[in-house]
Protein chains: 4
Amino acid sequence: MGAAMALNLIRAGHDVIVYNRTRAKAEPLAKAGARVADSPAGAARGCQVVITMLANDQALREIVLEDGQNAAIHGTERDAVHMSSSTISVALSKQLAAEHAARAQGYIATPVLGRPDSAAEKKLWIVTAGPQQNVERCRPLMEALGRGISIVGDQAWRANLVKLGMNFLLASVLEALGEAFALVHKSEVDEHQFLDIVNAIFGSPPYANYGRIIADKKFEPAGFRLKLGLKDVNLALEAAGDSAVPMPFASVIRDRYLAAIAHGRGDADWSAITEEAAKAAGL
Amino acid sequence: MGAAMALNLIRAGHDVIVYNRTRAKAEPLAKAGARVADSPAGAARGCQVVITMLANDQALREIVLEDGQNAAIHGTERDAVHMSSSTISVALSKQLAAEHAARAQGYIATPVLGRPDSAAEKKLWIVTAGPQQNVERCRPLMEALGRGISIVGDQAWRANLVKLGMNFLLASVLEALGEAFALVHKSEVDEHQFLDIVNAIFGSPPYANYGRIIADKKFEPAGFRLKLGLKDVNLALEAAGDSAVPMPFASVIRDRYLAAIAHGRGDADWSAITEEAAKAAGL
Amino acid sequence: MGAAMALNLIRAGHDVIVYNRTRAKAEPLAKAGARVADSPAGAARGCQVVITMLANDQALREIVLEDGQNAAIHGTERDAVHMSSSTISVALSKQLAAEHAARAQGYIATPVLGRPDSAAEKKLWIVTAGPQQNVERCRPLMEALGRGISIVGDQAWRANLVKLGMNFLLASVLEALGEAFALVHKSEVDEHQFLDIVNAIFGSPPYANYGRIIADKKFEPAGFRLKLGLKDVNLALEAAGDSAVPMPFASVIRDRYLAAIAHGRGDADWSAITEEAAKAAGL
Amino acid sequence: MGAAMALNLIRAGHDVIVYNRTRAKAEPLAKAGARVADSPAGAARGCQVVITMLANDQALREIVLEDGQNAAIHGTERDAVHMSSSTISVALSKQLAAEHAARAQGYIATPVLGRPDSAAEKKLWIVTAGPQQNVERCRPLMEALGRGISIVGDQAWRANLVKLGMNFLLASVLEALGEAFALVHKSEVDEHQFLDIVNAIFGSPPYANYGRIIADKKFEPAGFRLKLGLKDVNLALEAAGDSAVPMPFASVIRDRYLAAIAHGRGDADWSAITEEAAKAAGL
């Protein structure tokens with residue numbers, strides 16, 4: 001995901017310095033014109049904006065805060081802005097806002113909606129929040145990365161919360177399709193035929209795309225890994241718990257993902273959650 | 001719903017005889033050119049096709065089977081076809097198939113997807129199943145009623161099952177939106193702003209339409225009454241139970257609808273299910 | 001179950017006429033002193049009290065109402081009392097009350113709590129409801145059948161509802177134990193050791209007895225068949241639905257039982273529901 | 001809880017040094033013969049065994065690990081044993097085991113089952129795990145605190161896991177009773193009458209005690225506060241998540257506790273979870 005985003009920034013004419021823990025992953029970007037840094041701090045140094053895109057809280061915390069003098073926060077300039085694009089917890093987003101503020105650095109959250117192929121095609125949708133002037137400074141970058149931007153307030157963590165809410169909606173589609181497909185399949189209605197009707201009514205790319213993956217049972221290679229899907233629903237439940245919001249659908253989804261993990265499907269596409277509805281129905 | 005459908009048939013040039021338990025409801029159709037019958041049997045007599053559209057199993061059973069000599073089945077001609085458009089149980093659909101077969105009458109199921117305003121605009125989507133020649137005989141009528149037809153097999157009840165599966169998917173959208181809206185609302189993210197992002201990602205009329213109703217809290221007048229939503233999820237659970245398909249999302253939805261009924265919301269739009277997620281979150 | 005009950009009545013000195021659809025099942029009772037009737041009506045004729053114990057609504061309806069002149073209701077004397085001991089729906093219990101009232105026959109519900117071995121040992125607990133004088137007339141019979149009686153009102157169906165509520169509580173114990181056992185088992189805590197702690201805290205025969213069955217995985221032969229467990233939770237959910245009571249635990253239990261049925265476990269003991277929690281955890 | 005435990009130790013003839021963040025709470029113990037320390041470290045210094053009993057992970061972490069030189073771990077002698085009696089996460093228990101091992105200090109987990117009044121009456125049940133010689137050294141203390149001891153392995157965290165599993169079973173009883181009471185109440189069956197039947201079948205103190213609290217609606221003062229109940233089910237879900245065990249009952253319970261918190265019931269007894277089932281049923 002990060003690579004596709006960096007490439008779009010290069011294409012848009014920005015000077016890009018990249019860092020990846022696995023240096024080989026940075027090579028294609030070097031060929032495209034990026035400079036490759038030796039450390040997160042090195043990638044941040046001298047830049048106006050530092051963009052991070054990592055798999056989870058722990059990875060982001062290590063790269064930004066904990067990696068000693070290599071940590072990105074130590075290379076980030078005063079008045080530079082950290083655009084945090086990872087899907088992370090509300091709690092970590094609040095912590096990052098405080099850490100950056102203490103160093104007179106800017107911080108906004110810019111989680112993205114879309115899968116890696118959408119990123120490559122510049123079709124991401126970017127949800128952002130943070131102090132308005134910082135959001136505006138980063139706008140040209142966001143425009144280079146996606147097809148649209150939604151600003152949801154001046155506190156960065158709100159964008160992270162919205163991202164968790166959106167991923168919850170998508171995961172709900174997966175579970176709902178899994179149950180519906182199990183229902184019709186057991187009555188010998190063809191799943192592709194059912195999917196045609198779904199598409200006629202919903203007319204929605206996520207339904208069409210995931211519906212096809214599910215009906216075809218093509219869960220590999222993963223567009224978005226199931227264990228990351230579990231991470232996201234856990235983060236949504238954690239945020240919901242902190243503000244006392246019961247989310248029974250999210251709880252069902254979590255239980256399905258745990259079952260899928262227990263059945264060895266953590267690296268399949270997150271839409272493989274639908275196999276659990278099928279299994280429970282004896283399919 | 002039935003009135004809008006009858007009007008489209010009249011407009012398409014078909015001879016239409018109508019019957020409604022409340023005769024006044026038939027008057028506008030009379031003005032539009034329909035004949036008004038005094039009984040279900042009277043409406044059926046002499047026709048090639050008998051179309052029924054009622055609120056639930058019990059109402060359909062009364063009109064078609066139980067109303068003595070007035071029952072539609074007694075007026076239906078040999079070789080005429082009963083097009084059953086109501087959302088009913090798989091069990092009743094199987095029973096109707098048997099009853100009609102015993103009388104050398106045809107029977108197909110033709111449940112419709114769409115709300116009354118869609119019916120008026122001829123935008124229904126019709127799911128049908130039954131013996132092929134009967135489906136073909138009725139095709140011109142279905143084309144007069146909607147924007148598309150899906151044929152899901154030669155046993156009528158399969159169309160009813162598919163309809164239940166589709167309504168389950170729609171109800172899942174409602175509950176998922178309810179939980180997501182409660183989550184973001186409690187963190188002071190504006191629900192309309194969140195809905196804009198939902199629309200950017202899903203690009204789907206049901207999300208857009210229901211999302212707006214929910215964000216506006218405009219649950220009256222009902223497009224589709226909540227107690228009918230409960231009926232449909234109960235029918236889905238019953239069909240799922242008969243073929244041993246666990247549907248935890250459907251169970252959550254049922255519990256929400258029961259709570260909404262307990263709170264006096266049975267006649268609100270079925271999207272008022274989202275008030276229950278809000279209430280549970282203390283909103 | 002019915003046989004054990006009949007034997008206790010014979011031992012208590014009552015004149016007993018028995019009927020079973022499978023006549024061979026009545027033979028041991030004949031040896032013990034019962035007369036064997038050829039039909040339900042024949043078993044009822046001339047008796048002060050008619051006791052029924054059948055597997056479900058359908059079986060009871062056939063025997064009592066639908067079997068033409070053989071139906072029990074046609075043999076039941078005016079002023080005799082029908083003691084309905086089966087676990088049936090609230091709806092059927094209401095219907096039976098009406099049917100008997102129309103014939104000047106008495107009707108009370110007397111569902112029993114306990115497994116067949118408890119019945120044999122006269123350890124059943126009997127929940128009853130119905131007009132007081134009929135309950136009192138039947139009291140000596142109930143005392144011959146069990147260790148205690150609870151009267152829950154003068155409308156028979158209330159006893160059926162209470163029975164469904166009690167079976168729901170027992171099924172909840174099963175599912176809760178299933179989840180707890182899966183949790184500790186996956187952390188290599190011995191299930192029998194855990195059960196010892198459960199017994200120390202709960203000090204409860206159902207926990208001790210079912211806990212041992214589950215820890216030993218001895219689900220056959222069934223004390224109470226899983227498909228009857230599903231029937232009962234369905235009846236509880238139906239009654240709950242009719243009075244708008246959401247029961248999320250009951251919904252989870254239903255889904256587990258459906259999964260167990262889908263996995264071919266319908267004839268195992270109903271405590272085999274716990275295999276589903278284990279399976280979902282990859283055990 | 002801690003005070004009742006300390007008193008039992010004093011009565012059993014042990015030399016006891018106590019520390020509480022609110023010094024006044026230690027006064028009654030001083031009168032009973034305990035010495036009062038000024039800091040956790042001061043309470044630990046010179047002792048063979050250090051017992052901690054705190055409300056949650058954070059409180060225990062502060063007292064034992066984070067309070068600078070005042071932290072208990074700095075006062076704990078080499079070869080002394082830390083008996084950790086709080087209900088804490090598996091993760092914190094593993095961390096404490098490592099921290100103490102690094103200082104050549106012993107560590108066992110000794111969570112207790114029972115409410116404060118049980119502690120006062122020496123009726124706690126103690127679940128323990130840890131290296132065998134340390135468990136044996138602490139046995140006389142455990143015998144002074146409760147009516148029984150269960151040893152569940154030589155890794156301390158297993159005792160914490162078992163405690164979470166037991167609290168989950170108890171919370172399941174509460175939710176199940178809540179749903180059953182709502183069901184029978186809405187059909188005008190008296191809840192105390194229903195409880196009598198529950199007691200006849202379960203014969204179990206937790207059912208009898210909580211059943212009475214619930215039927216009487218006496219949720220204050222709290223024997224165990226609802227927000228601690230939420231904490232415990234969250235810990236159970238976290239542990240279950242880490243070992244990929246789906247626990248749908250636990251998820252339902254969590255959602256109910258969140259609703260209760262949202263409705264301002266965090267300081268009521270945890271059995272007030274049953275008010276949520278009642279509310280959802282419109283009671």
# chains A, B, ... in the order shown; residues from 1 in each chain; ligands from 1
>>> select_by_dssp(residues="stretch 110-264 of chain A", states="strand (DSSP E or B)", output="PDB file with N, CA, C and O atoms, in the first residue's frame")
ATOM      1  N   VAL A 112      -6.691   5.855   4.886  1.00  0.00           N
ATOM      2  CA  VAL A 112      -7.182   5.740   3.508  1.00  0.00           C
ATOM      3  C   VAL A 112      -8.181   4.596   3.399  1.00  0.00           C
ATOM      4  O   VAL A 112      -8.075   3.592   4.080  1.00  0.00           O
ATOM      5  N   LEU A 113      -9.153   4.781   2.528  1.00  0.00           N
ATOM      6  CA  LEU A 113     -10.133   3.734   2.243  1.00  0.00           C
ATOM      7  C   LEU A 113      -9.867   3.203   0.847  1.00  0.00           C
ATOM      8  O   LEU A 113      -9.818   3.979  -0.114  1.00  0.00           O
ATOM      9  N   LEU A 124      -7.931   5.860  -3.988  1.00  0.00           N
ATOM     10  CA  LEU A 124      -8.191   5.853  -2.542  1.00  0.00           C
ATOM     11  C   LEU A 124      -9.130   7.000  -2.175  1.00  0.00           C
ATOM     12  O   LEU A 124      -9.177   8.026  -2.859  1.00  0.00           O
ATOM     13  N   TRP A 125      -9.858   6.788  -1.080  1.00  0.00           N
ATOM     14  CA  TRP A 125     -10.600   7.894  -0.484  1.00  0.00           C
ATOM     15  C   TRP A 125      -9.917   8.186   0.848  1.00  0.00           C
ATOM     16  O   TRP A 125      -9.658   7.269   1.622  1.00  0.00           O
ATOM     17  N   ILE A 126      -9.624   9.447   1.087  1.00  0.00           N
ATOM     18  CA  ILE A 126      -8.838   9.794   2.269  1.00  0.00           C
ATOM     19  C   ILE A 126      -9.708  10.512   3.287  1.00  0.00           C
ATOM     20  O   ILE A 126     -10.376  11.501   2.973  1.00  0.00           O
ATOM     21  N   VAL A 127      -9.720   9.954   4.492  1.00  0.00           N
ATOM     22  CA  VAL A 127     -10.429  10.583   5.608  1.00  0.00           C
ATOM     23  C   VAL A 127      -9.375  11.287   6.448  1.00  0.00           C
ATOM     24  O   VAL A 127      -8.378  10.663   6.821  1.00  0.00           O
ATOM     25  N   THR A 128      -9.587  12.536   6.730  1.00  0.00           N
ATOM     26  CA  THR A 128      -8.545  13.243   7.482  1.00  0.00           C
ATOM     27  C   THR A 128      -9.152  14.092   8.593  1.00  0.00           C
ATOM     28  O   THR A 128     -10.322  14.481   8.533  1.00  0.00           O
ATOM     29  N   ALA A 129      -8.324  14.326   9.585  1.00  0.00           N
ATOM     30  CA  ALA A 129      -8.708  15.218  10.684  1.00  0.00           C
ATOM     31  C   ALA A 129      -7.437  15.759  11.316  1.00  0.00           C
ATOM     32  O   ALA A 129      -6.388  15.112  11.287  1.00  0.00           O
ATOM     33  N   GLY A 146      -5.383  10.217  -3.963  1.00  0.00           N
ATOM     34  CA  GLY A 146      -6.699   9.590  -4.046  1.00  0.00           C
ATOM     35  C   GLY A 146      -7.690  10.367  -4.869  1.00  0.00           C
ATOM     36  O   GLY A 146      -7.364  11.394  -5.484  1.00  0.00           O
ATOM     37  N   ARG A 147      -8.907   9.862  -4.836  1.00  0.00           N
ATOM     38  CA  ARG A 147      -9.957  10.471  -5.643  1.00  0.00           C
ATOM     39  C   ARG A 147     -10.839  11.406  -4.836  1.00  0.00           C
ATOM     40  O   ARG A 147     -11.699  12.096  -5.402  1.00  0.00           O
ATOM     41  N   GLY A 148     -10.649  11.454  -3.524  1.00  0.00           N
ATOM     42  CA  GLY A 148     -11.485  12.335  -2.722  1.00  0.00           C
ATOM     43  C   GLY A 148     -10.993  12.421  -1.299  1.00  0.00           C
ATOM     44  O   GLY A 148     -10.242  11.569  -0.825  1.00  0.00           O
ATOM     45  N   ILE A 149     -11.411  13.476  -0.632  1.00  0.00           N
ATOM     46  CA  ILE A 149     -10.960  13.743   0.735  1.00  0.00           C
ATOM     47  C   ILE A 149     -12.169  14.109   1.580  1.00  0.00           C
ATOM     48  O   ILE A 149     -13.008  14.893   1.145  1.00  0.00           O
ATOM     49  N   SER A 150     -12.260  13.539   2.765  1.00  0.00           N
ATOM     50  CA  SER A 150     -13.286  13.974   3.726  1.00  0.00           C
ATOM     51  C   SER A 150     -12.589  14.457   4.996  1.00  0.00           C
ATOM     52  O   SER A 150     -11.762  13.733   5.558  1.00  0.00           O
ATOM     53  N   ILE A 151     -12.948  15.654   5.427  1.00  0.00           N
ATOM     54  CA  ILE A 151     -12.356  16.220   6.645  1.00  0.00           C
ATOM     55  C   ILE A 151     -13.378  16.095   7.772  1.00  0.00           C
ATOM     56  O   ILE A 151     -14.514  16.550   7.626  1.00  0.00           O
ATOM     57  N   ARG A 225      -5.411  -8.788   4.430  1.00  0.00           N
ATOM     58  CA  ARG A 225      -5.330 -10.038   5.170  1.00  0.00           C
ATOM     59  C   ARG A 225      -6.305 -10.116   6.333  1.00  0.00           C
ATOM     60  O   ARG A 225      -6.538  -9.129   7.023  1.00  0.00           O
TER      61      ARG A 225
END
>>> closest_atom_pairs(of="chain D", to="chain B", cutoff="9 Å", atoms="only C-alpha atoms", output="tab-separated table")
residue	atom	partner	partner_atom	distance
D:Asp255	CA	B:Ala280	CA	8.7
D:Arg256	CA	B:Ala280	CA	8.3
D:Leu258	CA	B:Ala281	CA	7.5
D:Ala259	CA	B:Ala280	CA	5.0
D:Ala260	CA	B:Ala280	CA	8.1
D:Ile261	CA	B:Gly282	CA	8.5
D:Ala262	CA	B:Gly282	CA	4.8
D:His263	CA	B:Gly282	CA	5.6
D:Gly264	CA	B:Gly282	CA	8.6
D:Glu276	CA	B:Ala280	CA	8.5
D:Lys279	CA	B:Ala259	CA	8.3
D:Ala280	CA	B:Ala259	CA	5.0
D:Ala281	CA	B:Ala262	CA	5.5
D:Gly282	CA	B:Ala262	CA	4.8
D:Leu283	CA	B:Ala262	CA	8.3
>>> select_by_dssp(residues="stretch 153-236 of chain C", states="helix (DSSP H, G or I)", output="number ranges by chain")
C: 157-186, 191-202, 205-216, 226-236
>>> residues_around(residues="stretch 266-271 of chain A", least_positions_apart="5", cutoff="7 Å", atoms="only C-alpha atoms", output="PDB file with all heavy atoms, in the first residue's frame")
ATOM      1  N   LEU A 174     -19.355  -8.373   4.541  1.00  0.00           N
ATOM      2  CA  LEU A 174     -18.784  -9.712   4.335  1.00  0.00           C
ATOM      3  C   LEU A 174     -19.568 -10.763   5.122  1.00  0.00           C
ATOM      4  O   LEU A 174     -19.967 -11.795   4.587  1.00  0.00           O
ATOM      5  CB  LEU A 174     -17.309  -9.727   4.768  1.00  0.00           C
ATOM      6  CG  LEU A 174     -16.392  -8.741   4.029  1.00  0.00           C
ATOM      7  CD1 LEU A 174     -14.966  -8.856   4.561  1.00  0.00           C
ATOM      8  CD2 LEU A 174     -16.431  -8.968   2.525  1.00  0.00           C
ATOM      9  N   TYR A 210     -16.439  -8.003  -3.538  1.00  0.00           N
ATOM     10  CA  TYR A 210     -16.335  -9.053  -2.517  1.00  0.00           C
ATOM     11  C   TYR A 210     -17.289 -10.198  -2.817  1.00  0.00           C
ATOM     12  O   TYR A 210     -16.967 -11.359  -2.583  1.00  0.00           O
ATOM     13  CB  TYR A 210     -16.578  -8.478  -1.118  1.00  0.00           C
ATOM     14  CG  TYR A 210     -15.395  -7.706  -0.604  1.00  0.00           C
ATOM     15  CD1 TYR A 210     -15.467  -6.344  -0.344  1.00  0.00           C
ATOM     16  CD2 TYR A 210     -14.174  -8.347  -0.392  1.00  0.00           C
ATOM     17  CE1 TYR A 210     -14.376  -5.632   0.113  1.00  0.00           C
ATOM     18  CE2 TYR A 210     -13.070  -7.635   0.061  1.00  0.00           C
ATOM     19  CZ  TYR A 210     -13.172  -6.290   0.321  1.00  0.00           C
ATOM     20  OH  TYR A 210     -12.082  -5.590   0.768  1.00  0.00           O
ATOM     21  N   ILE A 214     -16.149 -14.073  -2.972  1.00  0.00           N
ATOM     22  CA  ILE A 214     -16.772 -15.070  -2.098  1.00  0.00           C
ATOM     23  C   ILE A 214     -17.423 -16.180  -2.924  1.00  0.00           C
ATOM     24  O   ILE A 214     -17.270 -17.366  -2.643  1.00  0.00           O
ATOM     25  CB  ILE A 214     -17.811 -14.398  -1.172  1.00  0.00           C
ATOM     26  CG1 ILE A 214     -17.129 -13.357  -0.271  1.00  0.00           C
ATOM     27  CG2 ILE A 214     -18.527 -15.439  -0.325  1.00  0.00           C
ATOM     28  CD1 ILE A 214     -18.086 -12.391   0.410  1.00  0.00           C
ATOM     29  N   PHE A 219      -9.893 -16.689  -2.171  1.00  0.00           N
ATOM     30  CA  PHE A 219      -9.481 -15.897  -1.007  1.00  0.00           C
ATOM     31  C   PHE A 219      -7.971 -15.652  -0.960  1.00  0.00           C
ATOM     32  O   PHE A 219      -7.474 -15.044  -0.033  1.00  0.00           O
ATOM     33  CB  PHE A 219      -9.960 -16.565   0.275  1.00  0.00           C
ATOM     34  CG  PHE A 219     -11.454 -16.721   0.336  1.00  0.00           C
ATOM     35  CD1 PHE A 219     -12.044 -17.975   0.333  1.00  0.00           C
ATOM     36  CD2 PHE A 219     -12.277 -15.604   0.369  1.00  0.00           C
ATOM     37  CE1 PHE A 219     -13.417 -18.114   0.383  1.00  0.00           C
ATOM     38  CE2 PHE A 219     -13.658 -15.733   0.411  1.00  0.00           C
ATOM     39  CZ  PHE A 219     -14.230 -16.994   0.417  1.00  0.00           C
ATOM     40  N   GLU A 220      -7.275 -16.213  -1.960  1.00  0.00           N
ATOM     41  CA  GLU A 220      -5.847 -15.971  -2.052  1.00  0.00           C
ATOM     42  C   GLU A 220      -5.501 -15.589  -3.488  1.00  0.00           C
ATOM     43  O   GLU A 220      -6.082 -16.162  -4.409  1.00  0.00           O
ATOM     44  CB  GLU A 220      -5.060 -17.243  -1.649  1.00  0.00           C
ATOM     45  CG  GLU A 220      -4.705 -17.274  -0.181  1.00  0.00           C
ATOM     46  CD  GLU A 220      -5.347 -18.495   0.502  1.00  0.00           C
ATOM     47  OE1 GLU A 220      -5.940 -19.342  -0.211  1.00  0.00           O
ATOM     48  OE2 GLU A 220      -5.255 -18.584   1.727  1.00  0.00           O
ATOM     49  N   PRO A 221      -4.581 -14.646  -3.716  1.00  0.00           N
ATOM     50  CA  PRO A 221      -3.875 -13.902  -2.676  1.00  0.00           C
ATOM     51  C   PRO A 221      -4.792 -12.880  -2.001  1.00  0.00           C
ATOM     52  O   PRO A 221      -5.761 -12.433  -2.600  1.00  0.00           O
ATOM     53  CB  PRO A 221      -2.771 -13.195  -3.469  1.00  0.00           C
ATOM     54  CG  PRO A 221      -3.346 -13.031  -4.837  1.00  0.00           C
ATOM     55  CD  PRO A 221      -4.213 -14.236  -5.067  1.00  0.00           C
ATOM     56  N   ALA A 222      -4.428 -12.535  -0.780  1.00  0.00           N
ATOM     57  CA  ALA A 222      -5.245 -11.611  -0.001  1.00  0.00           C
ATOM     58  C   ALA A 222      -5.066 -10.184  -0.492  1.00  0.00           C
ATOM     59  O   ALA A 222      -3.950  -9.727  -0.693  1.00  0.00           O
ATOM     60  CB  ALA A 222      -4.852 -11.697   1.470  1.00  0.00           C
ATOM     61  N   GLY A 223      -6.168  -9.484  -0.711  1.00  0.00           N
ATOM     62  CA  GLY A 223      -6.104  -8.051  -0.941  1.00  0.00           C
ATOM     63  C   GLY A 223      -5.915  -7.338   0.388  1.00  0.00           C
ATOM     64  O   GLY A 223      -5.195  -6.352   0.493  1.00  0.00           O
ATOM     65  N   PHE A 224      -6.545  -7.889   1.409  1.00  0.00           N
ATOM     66  CA  PHE A 224      -6.402  -7.352   2.775  1.00  0.00           C
ATOM     67  C   PHE A 224      -6.482  -8.564   3.693  1.00  0.00           C
ATOM     68  O   PHE A 224      -7.482  -9.285   3.688  1.00  0.00           O
ATOM     69  CB  PHE A 224      -7.536  -6.359   3.060  1.00  0.00           C
ATOM     70  CG  PHE A 224      -7.477  -5.714   4.414  1.00  0.00           C
ATOM     71  CD1 PHE A 224      -6.402  -4.918   4.777  1.00  0.00           C
ATOM     72  CD2 PHE A 224      -8.499  -5.909   5.339  1.00  0.00           C
ATOM     73  CE1 PHE A 224      -6.352  -4.316   6.032  1.00  0.00           C
ATOM     74  CE2 PHE A 224      -8.450  -5.309   6.592  1.00  0.00           C
ATOM     75  CZ  PHE A 224      -7.368  -4.515   6.933  1.00  0.00           C
ATOM     76  N   ARG A 225      -5.411  -8.788   4.430  1.00  0.00           N
ATOM     77  CA  ARG A 225      -5.330 -10.038   5.170  1.00  0.00           C
ATOM     78  C   ARG A 225      -6.305 -10.116   6.333  1.00  0.00           C
ATOM     79  O   ARG A 225      -6.538  -9.129   7.023  1.00  0.00           O
ATOM     80  CB  ARG A 225      -3.898 -10.268   5.663  1.00  0.00           C
ATOM     81  CG  ARG A 225      -3.029 -10.935   4.574  1.00  0.00           C
ATOM     82  CD  ARG A 225      -1.626 -11.121   5.054  1.00  0.00           C
ATOM     83  NE  ARG A 225      -1.029  -9.831   5.398  1.00  0.00           N
ATOM     84  CZ  ARG A 225      -0.040  -9.659   6.266  1.00  0.00           C
ATOM     85  NH1 ARG A 225       0.456 -10.704   6.907  1.00  0.00           N
ATOM     86  NH2 ARG A 225       0.448  -8.467   6.518  1.00  0.00           N
ATOM     87  N   LEU A 226      -6.828 -11.314   6.523  1.00  0.00           N
ATOM     88  CA  LEU A 226      -7.837 -11.556   7.542  1.00  0.00           C
ATOM     89  C   LEU A 226      -7.351 -11.148   8.925  1.00  0.00           C
ATOM     90  O   LEU A 226      -8.109 -10.570   9.716  1.00  0.00           O
ATOM     91  CB  LEU A 226      -8.226 -13.034   7.510  1.00  0.00           C
ATOM     92  CG  LEU A 226      -9.482 -13.469   8.218  1.00  0.00           C
ATOM     93  CD1 LEU A 226     -10.143 -14.621   7.455  1.00  0.00           C
ATOM     94  CD2 LEU A 226      -9.207 -13.907   9.638  1.00  0.00           C
ATOM     95  N   LYS A 227      -6.096 -11.396   9.236  1.00  0.00           N
ATOM     96  CA  LYS A 227      -5.658 -11.024  10.589  1.00  0.00           C
ATOM     97  C   LYS A 227      -5.633  -9.508  10.773  1.00  0.00           C
ATOM     98  O   LYS A 227      -5.779  -9.025  11.900  1.00  0.00           O
ATOM     99  CB  LYS A 227      -4.334 -11.680  10.953  1.00  0.00           C
ATOM    100  CG  LYS A 227      -3.156 -11.381  10.093  1.00  0.00           C
ATOM    101  CD  LYS A 227      -1.988 -12.294  10.534  1.00  0.00           C
ATOM    102  CE  LYS A 227      -0.851 -12.241   9.562  1.00  0.00           C
ATOM    103  NZ  LYS A 227       0.081 -13.361   9.760  1.00  0.00           N
ATOM    104  N   GLY A 229      -7.971  -7.710   9.339  1.00  0.00           N
ATOM    105  CA  GLY A 229      -9.405  -7.488   9.549  1.00  0.00           C
ATOM    106  C   GLY A 229      -9.772  -7.674  11.008  1.00  0.00           C
ATOM    107  O   GLY A 229     -10.535  -6.887  11.580  1.00  0.00           O
ATOM    108  N   ALA A 260     -11.853 -18.056  12.232  1.00  0.00           N
ATOM    109  CA  ALA A 260     -11.066 -18.195  11.005  1.00  0.00           C
ATOM    110  C   ALA A 260      -9.574 -18.303  11.328  1.00  0.00           C
ATOM    111  O   ALA A 260      -8.852 -19.090  10.720  1.00  0.00           O
ATOM    112  CB  ALA A 260     -11.342 -17.018  10.074  1.00  0.00           C
ATOM    113  N   ILE A 261      -9.124 -17.510  12.304  1.00  0.00           N
ATOM    114  CA  ILE A 261      -7.718 -17.596  12.736  1.00  0.00           C
ATOM    115  C   ILE A 261      -7.455 -18.986  13.320  1.00  0.00           C
ATOM    116  O   ILE A 261      -6.451 -19.634  13.008  1.00  0.00           O
ATOM    117  CB  ILE A 261      -7.424 -16.516  13.812  1.00  0.00           C
ATOM    118  CG1 ILE A 261      -7.644 -15.102  13.261  1.00  0.00           C
ATOM    119  CG2 ILE A 261      -6.019 -16.700  14.394  1.00  0.00           C
ATOM    120  CD1 ILE A 261      -6.511 -14.513  12.492  1.00  0.00           C
TER     121      ILE A 261
END
>>> residues_around(residues="stretch 138-142 of chain B", least_positions_apart="2", cutoff="9 Å", atoms="only C-alpha atoms", output="PyMOL selection string")
chain B and resi 9+12+14+49+81+83+108+110+126+133-136+144-149
>>> atom_distance(atom1="atom CA of B:Ala171", atom2="atom CA of B:Gly211")
12.3 Å
>>> residues_around(residues="A:Ser84", least_positions_apart="6", cutoff="9 Å", atoms="only C-alpha atoms", output="compact mmCIF listing (two decimals) with N, CA, C and O atoms, in the first residue's frame")
# COMPACT_ATOMS: atom_id res chain seq x y z
N VAL A 50 5.87 14.20 6.70
CA VAL A 50 6.29 12.82 6.91
C VAL A 50 5.04 11.94 6.86
O VAL A 50 4.12 12.15 7.65
N ILE A 51 5.00 11.02 5.91
CA ILE A 51 3.83 10.14 5.77
C ILE A 51 4.19 8.75 6.27
O ILE A 51 5.22 8.20 5.88
N THR A 52 3.35 8.19 7.14
CA THR A 52 3.60 6.81 7.60
C THR A 52 2.43 5.92 7.21
O THR A 52 1.27 6.33 7.25
N MET A 53 2.75 4.70 6.82
CA MET A 53 1.74 3.70 6.45
C MET A 53 2.26 2.34 6.92
O MET A 53 3.11 1.74 6.27
N SER A 93 -3.45 7.36 18.28
CA SER A 93 -3.55 8.62 17.54
C SER A 93 -3.52 9.80 18.52
O SER A 93 -2.85 10.81 18.27
N TYR A 107 0.64 17.27 13.37
CA TYR A 107 0.19 15.88 13.24
C TYR A 107 -1.24 15.87 12.75
O TYR A 107 -2.10 16.54 13.33
N ILE A 108 -1.47 15.16 11.67
CA ILE A 108 -2.85 14.92 11.24
C ILE A 108 -3.00 13.43 10.93
O ILE A 108 -2.00 12.74 10.69
N ALA A 109 -4.21 12.95 11.02
CA ALA A 109 -4.47 11.57 10.64
C ALA A 109 -5.06 11.56 9.24
O ALA A 109 -5.92 12.40 8.93
N THR A 110 -4.59 10.64 8.42
CA THR A 110 -5.06 10.57 7.03
C THR A 110 -5.28 9.11 6.61
O THR A 110 -4.73 8.66 5.61
N PRO A 111 -6.07 8.36 7.38
CA PRO A 111 -6.30 6.97 6.98
C PRO A 111 -6.97 6.92 5.61
O PRO A 111 -7.71 7.84 5.24
